[in-house]
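Novice: One structure follows; several queries about it will come next.
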Amino acid sequence: MRKAIDEYVKAIDCKKDDYDSYYKVAFLLYDLGQKEESKTMVTNLLKNQPSNTNAAILLGEILCEKENYKEAINVYTLALKYNQNDYELYYSMGIAYTRLNDFQNAKICYEKAAQINHEAFFAKYNLGQIALIYRDIDTAEKYFTECIYSEELEAMAYFELSKIYMLKGEKDKAITFVNKAIEIDITYKKKADGEPILIPIKAYIVLPKEEEKREKKKISKKIKNNIEYLDKTYHVVENLNLRELGKQTDLRKKQIENEKMREE
């Protein structure tokens, strides 16, 4: 990798406005873990060539890793002035808004990304997760159903659909879908065991007789972390909903007891 950097540096020495080589050096430095040097390079690059989408995405990613999400959004917003139809810019901005817990703006970004690329299943998956957080079950079902057609997200989508069908009271469908997820990826057996909403069907969750050997496509760390963040958010919201439901149930019980006492 160092040899590659040296070659690009030589190209820059020969041609000072060789922005492509400049970006490649910045990217390689980022890959080597030298993120401050990479950040300095892409910041300078964007001053000279603000329309460089790759540089904006890289700078935004570095800022997000440092939890400077608002600054990253500013970088993406400026870049979108030069390229209004870039899927990666909208998806990356969606991640930044997600980490700020601004799910409404995150939703707008993911929707735009999915509109630009109708096969942008990662954006659709995140839209499904946000819909679940807001208890928009039908919308969540729609997006996760589409994600079944993505090899990387197939097991995840089946698993989320099993939770949706439990919320809908369709236990047979929930059993089918959770077992389908486990059939594709055996790790979902452990996830199913730890999922509160699936407890009523736990006895029907089974290991496949023979695990199908598939070469699973890897999801990037950036995408995986975003999915996990939204999943954790959903569980926090769901726990709060359950607590509120418990309070309402207790209150109703007290009201019934008081009514009975007055009648007596």
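Chain labels A, B, ... are given in the sequence in which chains occur in the structure tokens; within each chain residues are numbered consecutively from 1, and ligands are likewise numbered from 1 in the order shown.
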For Ile175 in chain A, work out the shell of residues within 8 Å, counting only C-alpha atoms and skipping chain neighbours fewer than 5 positions away, then give it as a ChimeraX atom specification.

Specialist: /A:162,201,204-205

Novice: Using only C-alpha atoms, please write the residues we just selected to a file, as a compact mmCIF listing (two decimals), in the first residue's frame.

Specialist:
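See out_30.txt below for the written result:
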```
# COMPACT_ATOMS: atom_id res chain seq x y z
CA SER A 162 -41.23 -12.61 12.10
CA ILE A 201 -43.47 -19.12 19.74
CA TYR A 204 -41.76 -23.79 17.49
CA ILE A 205 -38.35 -22.33 16.65
```

Novice: Mind dumping a table of every range 91-122 of chain A residue within 12 Å of range 221-235 of chain A, with the nearest atom pair and its distance in Å to one decimal, using only C-alpha atoms, sorted by chain and rising number, as CSV?

Specialist:
```
residue,atom,partner,partner_atom,distance
A:Tyr91,CA,A:Ile223,CA,9.5
A:Ser92,CA,A:Lys222,CA,9.0
A:Met93,CA,A:Asn226,CA,11.6
A:Gly94,CA,A:Asn226,CA,9.5
A:Ile95,CA,A:Asn226,CA,6.4
A:Ala96,CA,A:Asn226,CA,9.3
A:Tyr97,CA,A:Asn226,CA,10.7
A:Thr98,CA,A:Leu230,CA,7.7
A:Arg99,CA,A:Tyr229,CA,7.8
A:Leu100,CA,A:Tyr229,CA,11.0
A:Asn101,CA,A:Thr233,CA,8.9
A:Asp102,CA,A:Leu230,CA,11.5
A:Phe103,CA,A:Leu230,CA,9.5
A:Ala106,CA,A:Leu230,CA,11.0
A:Lys107,CA,A:Leu230,CA,11.8
A:Phe121,CA,A:Ile223,CA,11.2
A:Phe122,CA,A:Ile223,CA,7.6
```

Novice: A:Glu170, A:Glu67, A:Asp86, A:Asp31: which is nearest Lys112 in chain A, counting only C-alpha atoms?

Specialist: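 When distances to Lys112 in chain A are compared using only C-alpha atoms, the smallest one comes from A:Asp86.
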
Novice: I'd like to know which of A:Leu153, A:Leu198, A:Ala203, A:Val25 is closest to Ala174 in chain A, using only C-alpha atoms.

Specialist: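 Of the candidates, the smallest distance to Ala174 in chain A is held by A:Leu198.
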
Novice: Residues within 10 Å of Arg135 in chain A, please, as a PyMOL selection string. Count only C-alpha atoms; anything in the same chain fewer than 3 positions from it doesn't count.

Specialist: chain A and resi 129-132+138-140+164+167+234+237-238

Novice: Output C-alpha atoms of each residue in that selection to a file, as a compact mmCIF listing (two decimals), in the first residue's frame.

Specialist:
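Output file result34.txt is given in full below:
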```txt
# COMPACT_ATOMS: atom_id res chain seq x y z
CA GLN A 129 -36.34 -0.20 10.97
CA ILE A 130 -37.49 3.42 11.39
CA ALA A 131 -41.07 2.39 10.58
CA LEU A 132 -40.84 -0.24 13.33
CA ASP A 138 -47.54 -2.01 7.49
CA THR A 139 -44.77 0.23 6.13
CA ALA A 140 -42.13 -1.81 7.95
CA ILE A 164 -43.84 -7.88 12.65
CA LEU A 167 -47.13 -7.73 16.49
CA TYR A 234 -36.20 -0.12 18.41
CA VAL A 237 -38.64 2.18 22.32
CA GLU A 238 -40.36 -1.21 22.57
```

Novice: One decimal, Å: what's the distance from CA of Gly33 in chain A over to CA of Cys64 in chain A, could you say?

Specialist: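 So the two atoms, CA of Gly33 in chain A and CA of Cys64 in chain A, lie 14.9 Å apart.
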
Novice: Expressed in Å to a single decimal, how great is the separation between CA of Leu28 in chain A and CA of Lys70 in chain A?

Specialist: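 Atom-to-atom, CA of Leu28 in chain A to CA of Lys70 in chain A, that is 25.1 Å.
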
Novice: May I have all residues of range 68-251 of chain A that DSSP, computed from the backbone, assigns to helix (DSSP H, G or I), given as a ChimeraX atom specification?

Specialist: /A:69-80,87-99,103-116,121-133,137-147,154-167,171-184,188-193,196-204,221-251

Novice: Just to confirm, what's the straight-line distance from CA of Asn54 in chain A to CA of Asp20 in chain A in Å (one decimal)?

Specialist: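 Straight-line distance from CA of Asn54 in chain A to CA of Asp20 in chain A works out to 9.6 Å.
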
Novice: Go through A:Lys47, A:Lys163, A:Lys217, A:Lys66 and flag the residue nearest Ser150 in chain A, using only C-alpha atoms for the distances.

Specialist: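 Among the listed residues, the smallest separation from Ser150 in chain A belongs to A:Lys217.
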
Novice: With a distance cut-off of 12 Å and only C-alpha atoms, select the neighbouring residues of Asp193 in chain A, excluding the residue or stretch itself and same-chain residues fewer than 6 positions from it, and output the selection as JSON, numbers by chain.

Specialist: {"A": [159, 178, 179, 182, 187, 199, 200, 201, 202, 203, 204, 205, 206, 207]}

Novice: With C-alpha atoms retained, write the just-selected residues as a PDB file, in the first residue's frame.

Specialist:
```pdb
ATOM      1  CA  PHE A 159     -36.183 -12.186  11.126  1.00  0.00           C
ATOM      2  CA  VAL A 178     -38.134 -16.902  11.967  1.00  0.00           C
ATOM      3  CA  ASN A 179     -37.351 -20.477  10.947  1.00  0.00           C
ATOM      4  CA  ILE A 182     -32.426 -19.550  10.900  1.00  0.00           C
ATOM      5  CA  THR A 187     -26.851 -17.381  14.183  1.00  0.00           C
ATOM      6  CA  ILE A 199     -41.110 -15.862  23.425  1.00  0.00           C
ATOM      7  CA  PRO A 200     -44.693 -17.108  22.748  1.00  0.00           C
ATOM      8  CA  ILE A 201     -43.467 -19.116  19.735  1.00  0.00           C
ATOM      9  CA  LYS A 202     -40.129 -20.239  21.196  1.00  0.00           C
ATOM     10  CA  ALA A 203     -41.216 -23.906  21.250  1.00  0.00           C
ATOM     11  CA  TYR A 204     -41.762 -23.787  17.485  1.00  0.00           C
ATOM     12  CA  ILE A 205     -38.352 -22.331  16.655  1.00  0.00           C
ATOM     13  CA  VAL A 206     -36.179 -25.147  15.349  1.00  0.00           C
ATOM     14  CA  LEU A 207     -32.732 -25.771  13.964  1.00  0.00           C
TER      15      LEU A 207
END
```

Novice: So which one's closest to Ala120 in chain A, A:Cys147, A:Ala155, A:Val236, A:Leu89? Using only C-alpha atoms, please.

Specialist: A:Cys147
